[in-house]
Amino acid sequence: MSYRVAQTRRFARQYKKLHDNIATDVDAVVETVAENPAIGERKKGDLADLFVFKFRSQGQLYLLGYTRDDQVRLIYLEAVGPHENFYRDLTRG
């Protein structure tokens with residue numbers, strides 16, 4: 001049974017800026033994560049609640065950052081974007 005998915009404002013803004021073919025890849029990755037939320041790598045330190053799933057689209061490495069709430073079976077999509085400056089932008093808030 002898959003988790004429900006909710007997105008934060010930050011994710012929605014970043015997603016809207018993506019090209020259509022990259023957005024299609026993100027949609028497929030979100031479905032994969034919803035089926036198996038443990039697939040992502042858990043971060044440490046300031047981002048300890050965050051899981052990150054890495055994937056390639058158009059020859060570039062992208063990251064999908066999400067948090068999960070196992071009690072209500074919900075995944076919160078926090079951020080998506082290329083690897084460059086991904087973590088810096090997340091800690092900036």
# chains A, B, ... in the order shown; residues from 1 in each chain; ligands from 1

$ residues_around --residues "Val80 of chain A" --least-positions-apart "5" --cutoff "10 Å" --atoms "only C-alpha atoms" --output "list in words"
Arg10, Phe11, Ala12, Arg13, Gln14, Tyr15, Leu18, Ala23, Val26, Val52, Phe53, Lys54, Tyr62, Leu63, Leu64, Gly65, Tyr66, Phe86 and Leu90 of chain A

$ write_last_selection --atoms "N, CA and C atoms" --output "PDB file, in the first residue's frame"
ATOM      1  N   ARG A  10       7.565  25.299  -1.439  1.00  0.00           N
ATOM      2  CA  ARG A  10       8.884  25.327  -2.076  1.00  0.00           C
ATOM      3  C   ARG A  10       8.934  24.321  -3.226  1.00  0.00           C
ATOM      4  N   PHE A  11       8.457  23.103  -2.967  1.00  0.00           N
ATOM      5  CA  PHE A  11       8.451  22.076  -4.010  1.00  0.00           C
ATOM      6  C   PHE A  11       7.599  22.519  -5.191  1.00  0.00           C
ATOM      7  N   ALA A  12       6.427  23.068  -4.927  1.00  0.00           N
ATOM      8  CA  ALA A  12       5.518  23.487  -5.995  1.00  0.00           C
ATOM      9  C   ALA A  12       6.166  24.554  -6.871  1.00  0.00           C
ATOM     10  N   ARG A  13       6.869  25.510  -6.263  1.00  0.00           N
ATOM     11  CA  ARG A  13       7.551  26.558  -7.025  1.00  0.00           C
ATOM     12  C   ARG A  13       8.664  25.975  -7.888  1.00  0.00           C
ATOM     13  N   GLN A  14       9.452  25.067  -7.303  1.00  0.00           N
ATOM     14  CA  GLN A  14      10.554  24.465  -8.057  1.00  0.00           C
ATOM     15  C   GLN A  14      10.023  23.589  -9.187  1.00  0.00           C
ATOM     16  N   TYR A  15       8.959  22.844  -8.916  1.00  0.00           N
ATOM     17  CA  TYR A  15       8.381  21.940  -9.902  1.00  0.00           C
ATOM     18  C   TYR A  15       7.835  22.722 -11.102  1.00  0.00           C
ATOM     19  N   LEU A  18      10.367  23.580 -13.837  1.00  0.00           N
ATOM     20  CA  LEU A  18      11.017  22.506 -14.581  1.00  0.00           C
ATOM     21  C   LEU A  18      10.456  22.395 -15.994  1.00  0.00           C
ATOM     22  N   ALA A  23       9.803  17.259 -15.642  1.00  0.00           N
ATOM     23  CA  ALA A  23       8.645  17.131 -14.746  1.00  0.00           C
ATOM     24  C   ALA A  23       8.027  15.739 -14.871  1.00  0.00           C
ATOM     25  N   VAL A  26      10.138  13.493 -12.851  1.00  0.00           N
ATOM     26  CA  VAL A  26       9.877  13.736 -11.421  1.00  0.00           C
ATOM     27  C   VAL A  26       8.589  13.029 -11.002  1.00  0.00           C
ATOM     28  N   VAL A  52      16.541  11.835   0.729  1.00  0.00           N
ATOM     29  CA  VAL A  52      16.854  12.320  -0.613  1.00  0.00           C
ATOM     30  C   VAL A  52      16.953  11.130  -1.557  1.00  0.00           C
ATOM     31  N   PHE A  53      16.258  11.234  -2.677  1.00  0.00           N
ATOM     32  CA  PHE A  53      16.325  10.221  -3.724  1.00  0.00           C
ATOM     33  C   PHE A  53      16.972  10.863  -4.940  1.00  0.00           C
ATOM     34  N   LYS A  54      18.051  10.242  -5.423  1.00  0.00           N
ATOM     35  CA  LYS A  54      18.790  10.783  -6.569  1.00  0.00           C
ATOM     36  C   LYS A  54      18.334  10.078  -7.836  1.00  0.00           C
ATOM     37  N   TYR A  62      19.546  14.847 -10.593  1.00  0.00           N
ATOM     38  CA  TYR A  62      18.541  15.604  -9.852  1.00  0.00           C
ATOM     39  C   TYR A  62      18.309  14.939  -8.510  1.00  0.00           C
ATOM     40  N   LEU A  63      17.857  15.725  -7.537  1.00  0.00           N
ATOM     41  CA  LEU A  63      17.544  15.200  -6.224  1.00  0.00           C
ATOM     42  C   LEU A  63      16.112  15.549  -5.861  1.00  0.00           C
ATOM     43  N   LEU A  64      15.449  14.592  -5.230  1.00  0.00           N
ATOM     44  CA  LEU A  64      14.103  14.796  -4.704  1.00  0.00           C
ATOM     45  C   LEU A  64      14.200  14.676  -3.192  1.00  0.00           C
ATOM     46  N   GLY A  65      13.922  15.755  -2.492  1.00  0.00           N
ATOM     47  CA  GLY A  65      13.971  15.750  -1.032  1.00  0.00           C
ATOM     48  C   GLY A  65      12.568  15.619  -0.473  1.00  0.00           C
ATOM     49  N   TYR A  66      12.401  14.726   0.507  1.00  0.00           N
ATOM     50  CA  TYR A  66      11.082  14.521   1.092  1.00  0.00           C
ATOM     51  C   TYR A  66      11.198  14.111   2.553  1.00  0.00           C
ATOM     52  N   PHE A  86      21.672  22.305  -4.058  1.00  0.00           N
ATOM     53  CA  PHE A  86      20.436  21.730  -3.523  1.00  0.00           C
ATOM     54  C   PHE A  86      20.382  21.845  -1.999  1.00  0.00           C
ATOM     55  N   LEU A  90      18.202  24.360   0.658  1.00  0.00           N
ATOM     56  CA  LEU A  90      17.303  23.757   1.646  1.00  0.00           C
ATOM     57  C   LEU A  90      17.563  24.303   3.045  1.00  0.00           C
TER      58      LEU A  90
END

$ select_by_dssp --residues "chain A" --states "alpha helix (DSSP H)" --output "short mmCIF file (atom, residue, chain, number, x, y, z; two decimals) with N, CA, C and O atoms, in the first residue's frame"
data_model
loop_
_atom_site.label_atom_id
_atom_site.label_comp_id
_atom_site.auth_asym_id
_atom_site.auth_seq_id
_atom_site.Cartn_x
_atom_site.Cartn_y
_atom_site.Cartn_z
N ARG A 9 5.13 24.36 -0.45
CA ARG A 9 5.16 25.50 -1.38
C ARG A 9 6.48 25.55 -2.16
O ARG A 9 6.50 25.84 -3.33
N ARG A 10 7.56 25.30 -1.44
CA ARG A 10 8.88 25.33 -2.08
C ARG A 10 8.93 24.32 -3.23
O ARG A 10 9.39 24.63 -4.32
N PHE A 11 8.46 23.10 -2.97
CA PHE A 11 8.45 22.08 -4.01
C PHE A 11 7.60 22.52 -5.19
O PHE A 11 8.00 22.38 -6.35
N ALA A 12 6.43 23.07 -4.93
CA ALA A 12 5.52 23.49 -5.99
C ALA A 12 6.17 24.55 -6.87
O ALA A 12 6.06 24.51 -8.10
N ARG A 13 6.87 25.51 -6.26
CA ARG A 13 7.55 26.56 -7.03
C ARG A 13 8.66 25.98 -7.89
O ARG A 13 8.82 26.35 -9.05
N GLN A 14 9.45 25.07 -7.30
CA GLN A 14 10.55 24.46 -8.06
C GLN A 14 10.02 23.59 -9.19
O GLN A 14 10.57 23.59 -10.29
N TYR A 15 8.96 22.84 -8.92
CA TYR A 15 8.38 21.94 -9.90
C TYR A 15 7.83 22.72 -11.10
O TYR A 15 7.99 22.32 -12.24
N LYS A 16 7.22 23.86 -10.82
CA LYS A 16 6.62 24.68 -11.87
C LYS A 16 7.68 25.20 -12.85
O LYS A 16 7.39 25.40 -14.02
N LYS A 17 8.91 25.38 -12.38
CA LYS A 17 9.98 25.92 -13.22
C LYS A 17 10.65 24.86 -14.09
O LYS A 17 11.42 25.19 -14.98
N ASP A 20 9.00 20.33 -19.19
CA ASP A 20 7.98 19.27 -19.19
C ASP A 20 8.57 17.88 -19.13
O ASP A 20 8.07 17.01 -18.42
N ASN A 21 9.65 17.62 -19.88
CA ASN A 21 10.22 16.28 -19.88
C ASN A 21 10.87 15.94 -18.54
O ASN A 21 10.83 14.79 -18.11
N ILE A 22 11.43 16.91 -17.86
CA ILE A 22 12.00 16.67 -16.53
C ILE A 22 10.87 16.49 -15.52
O ILE A 22 10.94 15.62 -14.64
N ALA A 23 9.80 17.26 -15.64
CA ALA A 23 8.65 17.13 -14.75
C ALA A 23 8.03 15.74 -14.87
O ALA A 23 7.59 15.16 -13.87
N THR A 24 8.01 15.18 -16.07
CA THR A 24 7.50 13.82 -16.26
C THR A 24 8.36 12.81 -15.50
O THR A 24 7.84 11.90 -14.87
N ASP A 25 9.69 12.99 -15.56
CA ASP A 25 10.58 12.11 -14.81
C ASP A 25 10.36 12.27 -13.31
O ASP A 25 10.39 11.29 -12.56
N VAL A 26 10.14 13.49 -12.85
CA VAL A 26 9.88 13.74 -11.42
C VAL A 26 8.59 13.03 -11.00
O VAL A 26 8.53 12.41 -9.94
N ASP A 27 7.56 13.09 -11.84
CA ASP A 27 6.30 12.41 -11.52
C ASP A 27 6.52 10.91 -11.33
O ASP A 27 5.98 10.30 -10.41
N ALA A 28 7.33 10.30 -12.21
CA ALA A 28 7.62 8.87 -12.10
C ALA A 28 8.39 8.57 -10.82
O ALA A 28 8.10 7.57 -10.14
N VAL A 29 9.32 9.43 -10.46
CA VAL A 29 10.11 9.23 -9.23
C VAL A 29 9.22 9.37 -8.00
O VAL A 29 9.35 8.61 -7.04
N VAL A 30 8.29 10.33 -8.03
CA VAL A 30 7.38 10.52 -6.89
C VAL A 30 6.53 9.26 -6.70
O VAL A 30 6.32 8.82 -5.56
N GLU A 31 6.08 8.66 -7.78
CA GLU A 31 5.31 7.41 -7.66
C GLU A 31 6.16 6.29 -7.06
O GLU A 31 5.69 5.52 -6.22
N THR A 32 7.42 6.21 -7.48
CA THR A 32 8.33 5.21 -6.94
C THR A 32 8.53 5.40 -5.45
O THR A 32 8.49 4.45 -4.67
N VAL A 33 8.73 6.64 -5.03
CA VAL A 33 8.94 6.95 -3.62
C VAL A 33 7.67 6.68 -2.81
O VAL A 33 7.73 6.19 -1.69
N ALA A 34 6.51 6.96 -3.38
CA ALA A 34 5.25 6.71 -2.68
C ALA A 34 5.05 5.22 -2.44
O ALA A 34 4.49 4.82 -1.41
N GLU A 35 5.51 4.39 -3.35
CA GLU A 35 5.41 2.94 -3.19
C GLU A 35 6.39 2.42 -2.14
O GLU A 35 6.08 1.48 -1.42
N PHE A 86 21.67 22.30 -4.06
CA PHE A 86 20.44 21.73 -3.52
C PHE A 86 20.38 21.85 -2.00
O PHE A 86 19.42 22.35 -1.44
N TYR A 87 21.43 21.38 -1.33
CA TYR A 87 21.44 21.39 0.14
C TYR A 87 21.57 22.81 0.70
O TYR A 87 20.94 23.13 1.71
N ARG A 88 22.35 23.64 0.04
CA ARG A 88 22.48 25.03 0.50
C ARG A 88 21.13 25.74 0.49
O ARG A 88 20.75 26.41 1.44
N ASP A 89 20.37 25.55 -0.59
CA ASP A 89 19.07 26.19 -0.69
C ASP A 89 18.09 25.63 0.32
O ASP A 89 17.23 26.36 0.82
N LEU A 90 18.20 24.36 0.66
CA LEU A 90 17.30 23.76 1.65
C LEU A 90 17.56 24.30 3.05
O LEU A 90 16.63 24.58 3.79
N THR A 91 18.82 24.45 3.43
CA THR A 91 19.13 24.95 4.77
C THR A 91 18.82 26.42 4.90
O THR A 91 18.57 26.91 6.00
N ARG A 92 18.82 27.14 3.80
CA ARG A 92 18.49 28.56 3.81
C ARG A 92 17.04 28.80 4.14
O ARG A 92 16.66 29.83 4.65
#

$ select_by_dssp --residues "chain A" --states "strand (DSSP E or B)" --output "NGL selection string"
:A and (4-7 or 41-42 or 51-57 or 60-69 or 74-82)

$ write_last_selection --atoms "C-alpha atoms" --output "PDB file, in the first residue's frame"
ATOM      1  CA  ARG A   4      -0.256   9.607   0.108  1.00  0.00           C
ATOM      2  CA  VAL A   5       1.747  12.524  -1.254  1.00  0.00           C
ATOM      3  CA  ALA A   6       1.588  16.207  -0.287  1.00  0.00           C
ATOM      4  CA  GLN A   7       3.816  18.982  -1.539  1.00  0.00           C
ATOM      5  CA  GLU A  41      18.906   8.162   1.685  1.00  0.00           C
ATOM      6  CA  ARG A  42      18.380   9.736   5.121  1.00  0.00           C
ATOM      7  CA  PHE A  51      15.267  11.770   2.799  1.00  0.00           C
ATOM      8  CA  VAL A  52      16.854  12.320  -0.613  1.00  0.00           C
ATOM      9  CA  PHE A  53      16.325  10.221  -3.724  1.00  0.00           C
ATOM     10  CA  LYS A  54      18.790  10.783  -6.569  1.00  0.00           C
ATOM     11  CA  PHE A  55      17.825  10.286 -10.198  1.00  0.00           C
ATOM     12  CA  ARG A  56      19.028  11.274 -13.646  1.00  0.00           C
ATOM     13  CA  SER A  57      17.029  13.276 -16.149  1.00  0.00           C
ATOM     14  CA  GLN A  60      21.900  15.580 -15.265  1.00  0.00           C
ATOM     15  CA  LEU A  61      21.690  14.428 -11.647  1.00  0.00           C
ATOM     16  CA  TYR A  62      18.541  15.604  -9.852  1.00  0.00           C
ATOM     17  CA  LEU A  63      17.544  15.200  -6.224  1.00  0.00           C
ATOM     18  CA  LEU A  64      14.103  14.796  -4.704  1.00  0.00           C
ATOM     19  CA  GLY A  65      13.971  15.750  -1.032  1.00  0.00           C
ATOM     20  CA  TYR A  66      11.082  14.521   1.092  1.00  0.00           C
ATOM     21  CA  THR A  67      10.022  13.846   4.656  1.00  0.00           C
ATOM     22  CA  ARG A  68       7.636  11.129   5.700  1.00  0.00           C
ATOM     23  CA  ASP A  69       5.092  10.553   8.435  1.00  0.00           C
ATOM     24  CA  LEU A  74       2.057  10.553   4.171  1.00  0.00           C
ATOM     25  CA  ILE A  75       5.058  11.840   2.216  1.00  0.00           C
ATOM     26  CA  TYR A  76       5.779  15.567   2.125  1.00  0.00           C
ATOM     27  CA  LEU A  77       7.675  16.609  -0.997  1.00  0.00           C
ATOM     28  CA  GLU A  78      10.108  19.264   0.215  1.00  0.00           C
ATOM     29  CA  ALA A  79      12.320  20.110  -2.772  1.00  0.00           C
ATOM     30  CA  VAL A  80      13.411  19.027  -6.225  1.00  0.00           C
ATOM     31  CA  GLY A  81      16.232  20.234  -8.396  1.00  0.00           C
ATOM     32  CA  PRO A  82      19.699  19.666  -9.764  1.00  0.00           C
TER      33      PRO A  82
END

$ atom_distance --atom1 "atom CA of Met1 of chain A" --atom2 "atom CA of Leu47 of chain A"
26.9 Å

$ atom_distance --atom1 "atom CA of His83 of chain A" --atom2 "atom CA of Leu50 of chain A"
15.1 Å
